[in-house]
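File shown: query18.txt. Contents: compact mmCIF, C-alpha atoms and all ligand atoms.
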# COMPACT_ATOMS: atom_id res chain seq x y z
CA MET A 1 -22.64 -15.99 9.06
CA ALA A 2 -19.68 -14.91 11.18
CA ARG A 3 -16.86 -13.75 8.97
CA ARG A 4 -13.35 -13.22 10.25
CA ALA A 5 -12.30 -9.61 9.81
CA LEU A 6 -9.37 -8.69 7.58
CA VAL A 7 -7.38 -5.48 7.92
CA ALA A 8 -5.15 -4.91 4.89
CA GLY A 9 -2.62 -2.11 4.53
CA ASN A 10 -2.08 -0.75 1.04
CA TRP A 11 1.22 1.12 1.25
CA LYS A 12 0.89 2.34 -2.35
CA MET A 13 4.16 3.87 -3.65
CA ASN A 14 5.54 4.66 -0.20
CA GLY A 15 8.32 3.37 2.00
CA SER A 16 12.03 2.70 2.09
CA ARG A 17 14.09 -0.17 3.44
CA ASP A 18 14.53 1.67 6.75
CA SER A 19 10.96 2.88 7.19
CA ASN A 20 9.55 -0.53 6.17
CA ALA A 21 11.75 -2.30 8.72
CA SER A 22 10.59 -0.04 11.50
CA LEU A 23 6.90 -0.25 10.51
CA ILE A 24 6.98 -4.06 10.28
CA HIS A 25 8.87 -4.32 13.55
CA ASP A 26 6.06 -2.48 15.32
CA ILE A 27 3.26 -4.38 13.58
CA VAL A 28 4.79 -7.78 14.33
CA LEU A 29 5.23 -6.85 18.00
CA ASP A 30 1.63 -5.79 18.37
CA VAL A 31 -0.30 -8.13 16.09
CA ARG A 32 -0.52 -11.02 18.56
CA LYS A 33 -2.94 -8.91 20.60
CA TYR A 34 -5.44 -9.42 17.79
CA PRO A 35 -5.71 -13.18 17.21
CA ASP A 36 -9.29 -13.00 15.95
CA ILE A 37 -8.54 -11.01 12.82
CA ASP A 38 -6.36 -11.42 9.74
CA VAL A 39 -3.78 -8.74 9.04
CA LEU A 40 -2.18 -8.18 5.65
CA VAL A 41 0.39 -5.70 4.37
CA CYS A 42 0.82 -4.79 0.70
CA PRO A 43 4.16 -3.02 0.20
CA PRO A 44 5.51 -1.86 -3.18
CA ALA A 45 6.64 -4.85 -5.25
CA ILE A 46 10.33 -4.09 -4.89
CA TYR A 47 10.09 -4.49 -1.12
CA LEU A 48 7.91 -7.61 -1.01
CA GLU A 49 10.78 -10.01 -0.50
CA SER A 50 12.48 -8.08 2.31
CA VAL A 51 9.20 -7.37 4.08
CA GLY A 52 8.22 -11.03 3.66
CA ARG A 53 11.48 -12.10 5.29
CA GLN A 54 10.81 -9.83 8.23
CA LEU A 55 7.29 -11.27 8.58
CA GLU A 56 8.50 -14.85 8.86
CA GLY A 57 7.04 -16.52 11.96
CA SER A 58 4.38 -13.82 12.37
CA PRO A 59 0.71 -14.19 11.43
CA VAL A 60 0.84 -11.06 9.26
CA GLN A 61 0.24 -11.93 5.61
CA LEU A 62 1.84 -10.40 2.55
CA GLY A 63 0.08 -9.09 -0.55
CA GLY A 64 0.94 -7.48 -3.87
CA GLN A 65 -0.63 -4.23 -5.02
CA ASN A 66 -0.98 -5.31 -8.65
CA LEU A 67 -0.12 -8.11 -11.05
CA CYS A 68 0.07 -8.67 -14.78
CA GLU A 69 -3.01 -10.25 -16.33
CA GLN A 70 -0.87 -12.58 -18.47
CA GLU A 71 -1.29 -16.15 -17.31
CA LYS A 72 2.22 -17.17 -18.42
CA PRO A 73 5.48 -15.35 -17.70
CA GLY A 74 7.36 -13.99 -20.69
CA ALA A 75 8.17 -10.88 -22.68
CA PHE A 76 6.19 -8.26 -20.75
CA THR A 77 8.78 -5.71 -19.71
CA GLY A 78 8.13 -4.07 -16.38
CA GLU A 79 5.32 -6.43 -15.41
CA ILE A 80 5.07 -8.85 -12.49
CA HIS A 81 3.63 -12.33 -12.86
CA GLY A 82 1.34 -13.73 -10.17
CA GLY A 83 3.65 -16.72 -9.77
CA MET A 84 6.42 -14.31 -8.80
CA LEU A 85 4.21 -12.81 -6.11
CA ARG A 86 3.61 -16.32 -4.79
CA ASP A 87 7.32 -17.06 -5.02
CA VAL A 88 8.18 -14.23 -2.62
CA GLY A 89 5.46 -15.24 -0.17
CA CYS A 90 2.33 -13.32 -1.15
CA SER A 91 -1.05 -14.80 -0.32
CA HIS A 92 -3.13 -11.94 -1.72
CA VAL A 93 -3.05 -9.32 -4.44
CA ILE A 94 -5.09 -6.16 -4.92
CA VAL A 95 -6.82 -5.88 -8.30
CA GLY A 96 -8.78 -3.00 -9.73
CA HIS A 97 -7.71 -0.34 -7.26
CA SER A 98 -9.26 2.95 -8.36
CA GLU A 99 -5.78 4.44 -8.89
CA ARG A 100 -5.02 1.63 -11.36
CA ARG A 101 -8.39 2.11 -13.03
CA ALA A 102 -8.13 5.91 -13.28
CA LEU A 103 -4.41 6.54 -13.76
CA TYR A 104 -3.38 3.44 -15.70
CA GLY A 105 -6.49 2.85 -17.75
CA GLU A 106 -7.44 -0.50 -16.29
CA GLY A 107 -10.99 -1.23 -17.39
CA ASP A 108 -13.40 -3.82 -16.07
CA ASP A 109 -12.23 -6.51 -18.51
CA ARG A 110 -8.60 -6.11 -17.60
CA VAL A 111 -9.42 -6.13 -13.90
CA ALA A 112 -11.42 -9.33 -14.39
CA ALA A 113 -8.48 -10.87 -16.26
CA LYS A 114 -6.15 -9.94 -13.41
CA PHE A 115 -8.58 -11.45 -10.91
CA ARG A 116 -8.60 -14.69 -12.86
CA THR A 117 -4.83 -14.80 -13.28
CA ALA A 118 -4.36 -14.15 -9.57
CA GLN A 119 -6.43 -17.22 -8.75
CA ILE A 120 -4.71 -19.35 -11.36
CA CYS A 121 -1.45 -18.41 -9.64
CA GLY A 122 -2.80 -19.39 -6.22
CA LEU A 123 -3.32 -15.85 -4.95
CA ILE A 124 -6.44 -14.47 -3.29
CA PRO A 125 -7.53 -11.41 -5.25
CA ILE A 126 -8.83 -8.37 -3.38
CA LEU A 127 -11.21 -6.89 -5.93
CA CYS A 128 -11.64 -3.13 -5.48
CA VAL A 129 -14.88 -1.56 -6.66
CA GLY A 130 -16.29 1.88 -6.07
CA GLU A 131 -17.98 4.88 -7.59
CA SER A 132 -16.62 8.36 -8.25
CA LEU A 133 -18.16 11.43 -6.65
CA ALA A 134 -19.94 12.38 -9.88
CA GLU A 135 -21.36 8.87 -10.16
CA ARG A 136 -22.64 9.01 -6.58
CA GLU A 137 -24.17 12.43 -7.12
CA ASN A 138 -25.86 11.19 -10.29
CA GLY A 139 -27.40 8.27 -8.42
CA GLN A 140 -25.21 5.75 -10.26
CA THR A 141 -23.50 4.12 -7.27
CA GLU A 142 -25.31 0.82 -7.55
CA SER A 143 -25.08 0.57 -11.32
CA VAL A 144 -21.30 1.18 -11.17
CA LEU A 145 -20.82 -1.42 -8.44
CA ALA A 146 -23.00 -3.90 -10.31
CA ARG A 147 -21.05 -3.37 -13.55
CA GLN A 148 -17.63 -3.73 -11.88
CA LEU A 149 -18.69 -6.88 -10.05
CA GLN A 150 -20.48 -8.39 -13.03
CA ALA A 151 -17.34 -8.16 -15.18
CA VAL A 152 -15.62 -10.54 -12.76
CA LEU A 153 -18.67 -12.79 -12.42
CA ASP A 154 -18.91 -13.06 -16.20
CA ARG A 155 -15.28 -14.05 -16.60
CA CYS A 156 -14.68 -16.11 -13.47
CA GLY A 157 -18.09 -17.27 -12.23
CA ILE A 158 -19.54 -17.19 -8.74
CA GLU A 159 -17.36 -20.10 -7.56
CA ALA A 160 -14.34 -17.82 -7.87
CA PHE A 161 -15.66 -15.80 -4.93
CA ARG A 162 -15.02 -18.73 -2.59
CA ARG A 163 -11.38 -17.56 -2.58
CA ALA A 164 -11.61 -13.83 -3.03
CA VAL A 165 -12.09 -10.63 -1.07
CA ILE A 166 -14.02 -7.57 -2.22
CA ALA A 167 -13.10 -4.03 -1.16
CA TYR A 168 -15.72 -1.33 -1.51
CA GLU A 169 -13.72 1.84 -1.99
CA PRO A 170 -15.70 4.93 -2.97
CA VAL A 171 -13.25 6.93 -5.08
CA TRP A 172 -14.28 10.18 -3.40
CA ALA A 173 -13.15 8.79 -0.04
CA ILE A 174 -9.71 7.52 -1.06
CA GLY A 175 -6.92 9.69 0.29
CA THR A 176 -9.32 12.61 0.71
CA GLY A 177 -9.96 12.46 4.43
CA ARG A 178 -13.65 12.17 3.57
CA THR A 179 -14.99 8.82 4.78
CA ALA A 180 -18.24 7.17 3.81
CA THR A 181 -20.68 7.18 6.69
CA PRO A 182 -21.32 3.76 8.23
CA GLU A 183 -24.79 3.90 6.61
CA GLN A 184 -23.35 4.57 3.15
CA ALA A 185 -20.80 1.81 3.58
CA GLN A 186 -23.36 -0.68 4.85
CA GLN A 187 -25.71 0.10 1.98
CA ALA A 188 -23.02 -0.50 -0.64
CA HIS A 189 -21.73 -3.65 1.06
CA ALA A 190 -25.22 -5.10 1.39
CA PHE A 191 -25.84 -4.30 -2.27
CA LEU A 192 -22.67 -6.14 -3.33
CA ARG A 193 -23.49 -9.14 -1.15
CA ASP A 194 -27.00 -9.23 -2.52
CA ARG A 195 -25.69 -9.23 -6.11
CA LEU A 196 -23.55 -12.27 -5.29
CA ALA A 197 -26.48 -13.94 -3.51
CA ARG A 198 -28.42 -13.91 -6.77
CA SER A 199 -25.94 -16.56 -7.94
CA ASP A 200 -25.15 -18.34 -4.66
CA ALA A 201 -26.41 -17.29 -1.24
CA LYS A 202 -23.84 -19.35 0.66
CA ILE A 203 -20.87 -17.90 -1.17
CA ALA A 204 -22.35 -14.41 -0.82
CA SER A 205 -22.64 -14.77 2.93
CA SER A 206 -19.08 -16.06 3.31
CA VAL A 207 -17.20 -13.53 1.15
CA ARG A 208 -15.40 -10.80 3.05
CA ILE A 209 -16.21 -7.27 1.93
CA LEU A 210 -13.77 -4.65 3.19
CA TYR A 211 -14.38 -0.94 3.32
CA GLY A 212 -11.64 1.40 2.09
CA GLY A 213 -11.46 5.18 1.96
CA SER A 214 -9.87 7.36 4.64
CA VAL A 215 -10.26 4.77 7.40
CA LYS A 216 -8.58 5.98 10.58
CA ALA A 217 -8.52 4.82 14.18
CA GLU A 218 -11.26 7.31 15.02
CA ASN A 219 -13.80 6.07 12.43
CA ALA A 220 -12.84 2.39 12.14
CA GLY A 221 -15.03 1.16 15.01
CA ALA A 222 -18.23 2.60 13.56
CA LEU A 223 -17.48 1.28 10.07
CA PHE A 224 -16.47 -2.19 11.23
CA GLY A 225 -19.59 -2.34 13.39
CA CYS A 226 -21.77 -2.52 10.26
CA PRO A 227 -23.11 -6.02 9.65
CA ASP A 228 -21.74 -6.34 6.11
CA VAL A 229 -18.37 -4.63 6.69
CA ASP A 230 -15.72 -7.28 7.32
CA GLY A 231 -12.67 -5.12 7.89
CA GLY A 232 -10.82 -2.52 5.90
CA LEU A 233 -8.40 -1.76 3.12
CA ILE A 234 -6.29 0.97 4.63
CA GLY A 235 -4.12 3.38 2.62
CA GLY A 236 -2.51 6.37 4.34
CA ALA A 237 -3.21 5.17 7.87
CA SER A 238 -1.41 1.87 7.22
CA LEU A 239 1.92 3.71 7.08
CA LYS A 240 1.80 4.68 10.75
CA SER A 241 2.10 1.70 13.06
CA VAL A 242 0.17 3.20 15.97
CA GLU A 243 -2.73 4.20 13.73
CA PHE A 244 -2.71 0.89 11.83
CA MET A 245 -2.70 -1.18 15.00
CA ALA A 246 -5.51 0.93 16.46
CA ILE A 247 -7.51 0.09 13.34
CA CYS A 248 -6.70 -3.60 13.89
CA ALA A 249 -7.93 -3.22 17.49
CA ALA A 250 -11.22 -1.81 16.19
CA ALA A 251 -11.65 -4.88 13.94
CA GLN A 252 -10.89 -7.41 16.68
C1 LIG B 301 -6.60 2.86 -0.60
O1 LIG B 301 -5.70 3.33 -1.25
O2 LIG B 301 -6.99 1.72 -0.85
C2 LIG B 301 -7.17 3.68 0.48
C3 LIG B 301 -8.27 3.25 1.04
O3 LIG B 301 -6.52 4.83 0.81
P1 LIG B 301 -6.82 5.80 2.06
O4 LIG B 301 -7.06 4.93 3.26
O5 LIG B 301 -5.59 6.63 2.20
O6 LIG B 301 -8.02 6.60 1.71

Take the structure in the file and give it back as structure tokens.
Amino acid sequence: MARRALVAGNWKMNGSRDSNASLIHDIVLDVRKYPDIDVLVCPPAIYLESVGRQLEGSPVQLGGQNLCEQEKPGAFTGEIHGGMLRDVGCSHVIVGHSERRALYGEGDDRVAAKFRTAQICGLIPILCVGESLAERENGQTESVLARQLQAVLDRCGIEAFRRAVIAYEPVWAIGTGRTATPEQAQQAHAFLRDRLARSDAKIASSVRILYGGSVKAENAGALFGCPDVDGGLIGGASLKSVEFMAICAAAQ
């Protein structure tokens, strides 16, 4: 099945009002050259509203980097409810990024709860999964991916993947400059799709699976050329407009 590519920029904890304005200015100018792909930016929460305002009238979509798993707003100091992300114009939200899993102790159950809450709030979750270097070297890549995916399947069911995106992000490739080879990426993506197909082949063939981990203009074409790679989740390279737009060109 032909899937429309998605290129999503995860700005992480980077940016300022000035640098955001200049980055978005460049992206908005250029994005119309790539009508066949979806483009998404995920700025830090505090800048979502201003970036969203600047994106008005452009096809670039807005996403959060995280949300609270609580289904109802309330006394959860410092947290952000999915409804608030919707309120400022987000269509998507990243859940289970490896930095959240490793640095903030988010386990599979919590990630699954966030996935569910995102959908309840009308957001499309981008579920990040991926193995560490030690897990890869121990031959555990597939069991880790299966476990991370299964936690969401158990809580939300296969139907939930009709409105969701998966990002395969090997932890050893994130921010390291070390990218998975197209063969490694394809193998992991095909594995994930096959796991979903055990429950529903049609949903499995329609879900977009992005690759993330040191994607740059120079390696994007080869990665996006793999049959099960439907675009990318881009960290560092999404902060430079020329690089980010070159990645979009590779996905077009
Ligand atoms: C990420 O943070 O999701 C990511 C893929 O980062 P980078 O592209 O910098 O490796």

Residues within 7 Å of ligand LIG 301 (chain B), counting all atoms listed in the file, as a PyMOL selection string: chain A and resi 10+12+97+169+173-177+212-215+233-237

Do you know which residues are at most 7 Å from A:Glu69 counting all atoms listed in the file, after dropping those on the same chain fewer than 6 positions away, and could you put them as a PyMOL selection string? chain A and resi 113-114+117

Given only C-alpha atoms as the counted atoms, nearest of A:Ile80, A:Cys226, A:Ala5, A:Ala75 to A:Val207: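 Nearest candidate to A:Val207 out of A:Ile80, A:Cys226, A:Ala5, A:Ala75: A:Ala5.
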
Need the shell around A:Ile94: protein/DNA/RNA residues with any atom at most 12 Å away, counting only C-alpha atoms. Skip same-chain ones fewer than 3 positions apart. Format as number ranges by chain? A: 8-12, 40-45, 62-68, 82, 85, 90-91, 97-100, 111-112, 114-115, 118-119, 123-129, 164-167, 210, 233-234

Between atom CA of A:Ala21 and atom CA of A:Phe244, distance in Å (one decimal): 15.1 Å

Name all residues at most 6 Å from A:Trp172 (count all atoms listed in the file; drop same-chain ones fewer than 2 positions away) and give them as a count of residues only. 4

State, in Å with one decimal place, the distance from atom CA of A:Glu142 to atom CA of A:Ile120. 29.1 Å

Go ahead and compute the interatomic distance for atom CA of A:Ile209 and atom CA of A:Tyr168, in Å to one decimal.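 Atom-to-atom, atom CA of A:Ile209 and atom CA of A:Tyr168 are spaced 6.9 Å apart.
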